[in-house]
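Chemist: Okay, here's the structure, questions in a sec.
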Amino acid sequence: MLAKRPPMGWNSWNTFTDKIDEKLIMDTADAMVAHGLLDAGYEYLVIDDCWSEKERDENGMLVADHEKFPHGMKYVADYVHSKGLKFGMYSCCGVLTCAGYPGSFGHEFDDAKYFAEVGVDFLKYDNCYGASMENKLAYSRMGLALRACGRDILYSACNWGTNNVHSWVRSVGAHMYRSTEDITDTFHSIKKLACSQKDKLVYSAPGCFNDIDMLVTGLKGQGNIGFGQGCTDANYRYHFAYWCMASSPLMIGCDLRTLTEENKKLLTNPILLRINQDEEARPPIFMGNDDSMVAFKYLSDGEYAIGMFNGWEKDLHIMFNFYEVGLMPSDNCAFQLTDAFTGEDLGIFRDFVHLPVAQGDARVFLAKPVLL
Ligand code: GLA
């Protein structure tokens with residue numbers, strides 16, 4: 001089974017758009033290993049849009065851009081595999097990709113064959129220029145092509161949450177599905193995408209995960225989707241913490257050649273990754289509102305995770321009354337909390353937690369129920 005747990009990796013789009021080439025991809029593969037990201041679980045290295053020539057060859061096959069990838073894609077895939085990573089590529093269900101390169105419409109089976117021959121392990125399948133076929137059919141068709149191609153390829157469907165995708169996407173064989181519009185490196189975007197999926201996470205489970213979009217942590221305004229200075233470190237904590245609580249795929253989007261210690265620490269936080277990769281991937285119970293939100297997530301090993309998310313413009317104290325999840329003051333049960341960011345044991349909490357959370361920041365706790 002592919003995608004037993006939320007897929008983790010890196011994708012070229014958020015920083016590099018069409019400024020991709022062989023050297024960047026190979027250097028990124030080196031960096032993923034050198035920074036310990038592969039060891040932490042980030043195993044897919046995915047090239048997004050803009051990798052091909054603008055025309056197919058005389059046999060109708062896709063061709064890698066000769067200048068960007070002078071040795072061809074198999075060479076790059078082999079290098080990525082030699083580092084112990086898995087290799088991902090991109091296409092689109094329409095006649096063109098979103099950036100105007102050839103799309104797979106009418107070529108699905110040939111393209112799946114091409115991806116299998118290259119040694120692709122992951123295909124992101126986008127949604128531009130595809131209006132001539134019903135969306136569900138278009139995604140089902142590529143699902144069939146991938147099944148027929150002779151290689152296990154993780155199918156990442158990217159229709160931006162349109163056409164009630166959550167109601168059919170598991171059925172067409174996708175292993176993850178984009179449920180949102182494109183993220184940008186702003187807190188407004190992070191909060192909007194996060195909150196938009198609160199009632200949709202129930203449609204996410206082993207085998208096919210709700211993908212809230214790629215990570216912007218560490219972008220700091222750089223790259224294709226950056227604005228100004230980008231987000232604060234607090235905002236990136238909120239972002240990563242929410243994606244982990246939501247069991248969303250974790251696809252890093254920053255330049256790994258210049259990964260900062262701060263960002264690396266966040267992306268490899270062992271408690272947050274354990275929450276994200278929990279084998280049962282249960283959706284949290286959400287309380288409060290979008291500005292002051294609490295998420296309570298059942299974990300498979302006897303604990304829970306509690307997330308507190310401050311979406312407001314000022315520092316807040318956020319309150320979580322345990323009766324909201326069925327624990328009454330008269331019960332002889334309480335939670336022992338461990339702070340996911342510091343690893344600190346915060347002791348036993350009865351009845352409620354009421355803790356400060358800075359503006360645009362998040363706190364996450366492992367919560368072990370204990371009898372008193
Ligand atoms: C769409 C997708 C993005 C990215 C671009 C590439 O906008 O949602 O994630 O793949 O296309 O053109």
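Following the order of the structure tokens, chains are lettered A, B, ..., residues in each are numbered from 1, and ligands are numbered from 1.
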Given a cut-off of 7 Å, what residues near ligand 1 show up using only C-alpha atoms and all ligand atoms, put as a list in words?
Modeler: Trp13, Asp48, Asp49, Thr97, Cys98, Ala99, Asp126, Cys158, Trp160, Glu181 and Asp182 of chain A
Chemist: Where does DSSP see strand (DSSP E) in stretch 61-207 of chain A, if you list the residues as an MDAnalysis selection string?
Modeler: chainID A and resid 86:92 122:126 154:157 176:178
Chemist: Could you please take those selected residues and save N, CA, C and O atoms as a JSON list (two decimals), in the first residue's frame?
Modeler:
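Output file selection-v9.json follows:
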[["chain", "number", "residue", "atom", "x", "y", "z"],
["A", 86, "LYS", "N", 13.15, 9.16, -3.10],
["A", 86, "LYS", "CA", 12.22, 8.80, -4.17],
["A", 86, "LYS", "C", 12.01, 10.03, -5.06],
["A", 86, "LYS", "O", 12.14, 11.17, -4.59],
["A", 87, "PHE", "N", 11.67, 9.77, -6.33],
["A", 87, "PHE", "CA", 11.65, 10.85, -7.32],
["A", 87, "PHE", "C", 10.22, 11.13, -7.78],
["A", 87, "PHE", "O", 9.47, 10.21, -8.10],
["A", 88, "GLY", "N", 9.87, 12.42, -7.83],
["A", 88, "GLY", "CA", 8.52, 12.79, -8.25],
["A", 88, "GLY", "C", 8.53, 13.76, -9.42],
["A", 88, "GLY", "O", 9.46, 14.56, -9.58],
["A", 89, "MET", "N", 7.49, 13.66, -10.24],
["A", 89, "MET", "CA", 7.33, 14.61, -11.35],
["A", 89, "MET", "C", 5.89, 15.10, -11.40],
["A", 89, "MET", "O", 5.07, 14.76, -10.57],
["A", 90, "TYR", "N", 5.60, 15.90, -12.42],
["A", 90, "TYR", "CA", 4.36, 16.67, -12.48],
["A", 90, "TYR", "C", 3.76, 16.59, -13.88],
["A", 90, "TYR", "O", 4.47, 16.64, -14.89],
["A", 91, "SER", "N", 2.45, 16.51, -13.94],
["A", 91, "SER", "CA", 1.73, 16.76, -15.19],
["A", 91, "SER", "C", 0.35, 17.33, -14.85],
["A", 91, "SER", "O", 0.09, 17.68, -13.70],
["A", 92, "CYS", "N", -0.48, 17.40, -15.86],
["A", 92, "CYS", "CA", -1.75, 18.10, -15.68],
["A", 92, "CYS", "C", -2.82, 17.40, -16.50],
["A", 92, "CYS", "O", -2.53, 16.86, -17.58],
["A", 122, "PHE", "N", 6.29, 9.25, -7.85],
["A", 122, "PHE", "CA", 5.28, 10.18, -7.34],
["A", 122, "PHE", "C", 4.88, 11.06, -8.51],
["A", 122, "PHE", "O", 5.74, 11.63, -9.19],
["A", 123, "LEU", "N", 3.58, 11.17, -8.77],
["A", 123, "LEU", "CA", 3.13, 12.09, -9.82],
["A", 123, "LEU", "C", 2.14, 13.09, -9.25],
["A", 123, "LEU", "O", 1.09, 12.71, -8.73],
["A", 124, "LYS", "N", 2.49, 14.37, -9.37],
["A", 124, "LYS", "CA", 1.51, 15.42, -9.04],
["A", 124, "LYS", "C", 0.74, 15.72, -10.31],
["A", 124, "LYS", "O", 1.33, 15.99, -11.36],
["A", 125, "TYR", "N", -0.59, 15.70, -10.21],
["A", 125, "TYR", "CA", -1.43, 15.82, -11.40],
["A", 125, "TYR", "C", -2.37, 17.01, -11.23],
["A", 125, "TYR", "O", -3.31, 16.97, -10.44],
["A", 126, "ASP", "N", -2.09, 18.06, -11.99],
["A", 126, "ASP", "CA", -2.73, 19.37, -11.80],
["A", 126, "ASP", "C", -4.02, 19.50, -12.60],
["A", 126, "ASP", "O", -4.44, 18.56, -13.29],
["A", 154, "LEU", "N", 3.05, 6.96, -6.58],
["A", 154, "LEU", "CA", 2.11, 7.64, -5.67],
["A", 154, "LEU", "C", 1.41, 8.74, -6.47],
["A", 154, "LEU", "O", 2.05, 9.53, -7.16],
["A", 155, "TYR", "N", 0.09, 8.76, -6.37],
["A", 155, "TYR", "CA", -0.72, 9.65, -7.21],
["A", 155, "TYR", "C", -1.22, 10.83, -6.37],
["A", 155, "TYR", "O", -2.06, 10.67, -5.49],
["A", 156, "SER", "N", -0.67, 11.99, -6.69],
["A", 156, "SER", "CA", -0.99, 13.22, -5.95],
["A", 156, "SER", "C", -1.91, 14.08, -6.82],
["A", 156, "SER", "O", -1.46, 14.75, -7.74],
["A", 157, "ALA", "N", -3.20, 13.99, -6.56],
["A", 157, "ALA", "CA", -4.20, 14.71, -7.36],
["A", 157, "ALA", "C", -4.29, 16.15, -6.88],
["A", 157, "ALA", "O", -4.38, 16.40, -5.68],
["A", 176, "MET", "N", -3.13, 11.24, -2.33],
["A", 176, "MET", "CA", -3.28, 12.51, -1.62],
["A", 176, "MET", "C", -4.00, 13.45, -2.57],
["A", 176, "MET", "O", -3.99, 13.23, -3.78],
["A", 177, "TYR", "N", -4.67, 14.44, -2.02],
["A", 177, "TYR", "CA", -5.42, 15.32, -2.91],
["A", 177, "TYR", "C", -5.40, 16.74, -2.37],
["A", 177, "TYR", "O", -5.69, 16.99, -1.21],
["A", 178, "ARG", "N", -5.05, 17.67, -3.25],
["A", 178, "ARG", "CA", -5.05, 19.08, -2.87],
["A", 178, "ARG", "C", -6.48, 19.53, -2.65],
["A", 178, "ARG", "O", -7.35, 19.38, -3.51]]
Chemist: If I take atom CA of A:Ser247 and atom CA of A:Asn276, how far is one from the other in Å, to one decimal?
Modeler: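 Going from atom CA of A:Ser247 over to atom CA of A:Asn276, I get 4.7 Å.
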Chemist: Can you list, as a PyMOL selection string, every residue of stretch 24-261 of chain A that DSSP puts in alpha helix (DSSP H)?
Modeler: chain A and resi 24-34+37-40+73-82+108-118+135-148+187-196+233-245+261
Chemist: Please, which residues in stretch 256-346 of chain A fall within 6 Å of stretch 358-369 of chain A when counting only C-alpha atoms, and what is the closest atom pair and distance in Å to one decimal for each, ordered by chain then residue number, as a tab-separated table?
Modeler:
residue	atom	partner	partner_atom	distance
A:Glu303	CA	A:Lys368	CA	4.7
A:Tyr304	CA	A:Ala367	CA	5.0
A:Ala305	CA	A:Leu366	CA	4.6
A:Ile306	CA	A:Phe365	CA	5.1
A:Gly307	CA	A:Val364	CA	4.4
A:Met308	CA	A:Arg363	CA	5.2
A:Phe309	CA	A:Ala362	CA	4.5
A:Asn310	CA	A:Gly360	CA	5.2
A:Gly311	CA	A:Gly360	CA	5.1
A:Glu313	CA	A:Gln359	CA	5.6
A:Lys314	CA	A:Gln359	CA	4.7
A:Asp315	CA	A:Ala358	CA	4.3
A:Ala334	CA	A:Pro369	CA	5.7
A:Phe335	CA	A:Pro369	CA	4.6
A:Gln336	CA	A:Lys368	CA	5.1
A:Leu337	CA	A:Ala367	CA	4.7
A:Thr338	CA	A:Leu366	CA	5.1
A:Asp339	CA	A:Phe365	CA	4.6
A:Ala340	CA	A:Phe365	CA	5.2
Chemist: List as an NGL selection string the protein and nucleic acid residues near stretch 59-61 of chain A, meaning an atom at most 7 Å away when only C-alpha atoms are counted, but skip any in the same chain fewer than 3 places from it.
Modeler: :A and (56 or 110-111)
Chemist: Using all heavy atoms, can you write the selected residues to a file as a PDB file, in the first residue's frame?
Modeler:
ATOM      1  N   ARG A  56       5.737  18.035 -27.642  1.00  0.00           N
ATOM      2  CA  ARG A  56       6.028  16.601 -27.563  1.00  0.00           C
ATOM      3  C   ARG A  56       6.898  16.186 -28.751  1.00  0.00           C
ATOM      4  O   ARG A  56       6.999  16.934 -29.726  1.00  0.00           O
ATOM      5  CB  ARG A  56       4.706  15.825 -27.581  1.00  0.00           C
ATOM      6  CG  ARG A  56       3.896  16.022 -26.319  1.00  0.00           C
ATOM      7  CD  ARG A  56       2.522  15.391 -26.414  1.00  0.00           C
ATOM      8  NE  ARG A  56       1.852  15.557 -25.129  1.00  0.00           N
ATOM      9  CZ  ARG A  56       1.903  14.689 -24.120  1.00  0.00           C
ATOM     10  NH1 ARG A  56       2.557  13.548 -24.268  1.00  0.00           N
ATOM     11  NH2 ARG A  56       1.298  14.935 -22.991  1.00  0.00           N
ATOM     12  N   ASP A 110       0.393   7.045 -22.464  1.00  0.00           N
ATOM     13  CA  ASP A 110       1.784   7.260 -22.903  1.00  0.00           C
ATOM     14  C   ASP A 110       2.589   7.980 -21.824  1.00  0.00           C
ATOM     15  O   ASP A 110       3.758   7.667 -21.586  1.00  0.00           O
ATOM     16  CB  ASP A 110       1.816   8.137 -24.169  1.00  0.00           C
ATOM     17  CG  ASP A 110       1.433   7.340 -25.397  1.00  0.00           C
ATOM     18  OD1 ASP A 110       1.449   6.092 -25.328  1.00  0.00           O
ATOM     19  OD2 ASP A 110       1.106   7.971 -26.425  1.00  0.00           O
ATOM     20  N   ASP A 111       1.954   8.946 -21.198  1.00  0.00           N
ATOM     21  CA  ASP A 111       2.700   9.719 -20.191  1.00  0.00           C
ATOM     22  C   ASP A 111       3.004   8.872 -18.950  1.00  0.00           C
ATOM     23  O   ASP A 111       4.108   8.927 -18.405  1.00  0.00           O
ATOM     24  CB  ASP A 111       1.923  10.986 -19.799  1.00  0.00           C
ATOM     25  CG  ASP A 111       1.903  11.999 -20.940  1.00  0.00           C
ATOM     26  OD1 ASP A 111       2.550  11.724 -21.985  1.00  0.00           O
ATOM     27  OD2 ASP A 111       1.253  13.045 -20.793  1.00  0.00           O
TER      28      ASP A 111
END
Chemist: Can you tell me, as number ranges by chain, what residues are no more than 8 Å from stretch 147-152 of chain A when counting only C-alpha atoms, ignoring any on the same chain fewer than 4 positions away?
Modeler: A: 2, 109, 112-113, 116, 121, 143
Chemist: Could you check the closest approach to A:Met8 for each of A:Ser196, A:Ser248, A:Gln229, A:Asn269 and tell me which residue wins, using only C-alpha atoms?
Modeler: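 Among A:Ser196, A:Ser248, A:Gln229, A:Asn269, it is A:Ser248 that comes nearest to A:Met8.
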Chemist: Near A:Lys23, counting only C-alpha atoms, which residues have an atom at most 9 Å away, once you skip same-chain residues fewer than 5 positions from it, shown as a list in words?
Modeler: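 Once the nearby chain positions are removed, what remains is Thr28, Lys68 and Phe69 of chain A.
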Chemist: At what distance in Å, to one decimal, does atom CA of A:Tyr236 lie from atom CA of A:Met287?
Modeler: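 One can read the atom CA of A:Met287 to atom CA of A:Tyr236 distance as 21.4 Å.
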Chemist: With distances taken over only C-alpha atoms, which of A:Ala241, A:Leu96, A:Cys254, A:Leu193 is nearest to A:Ser52?
Modeler: A:Leu96
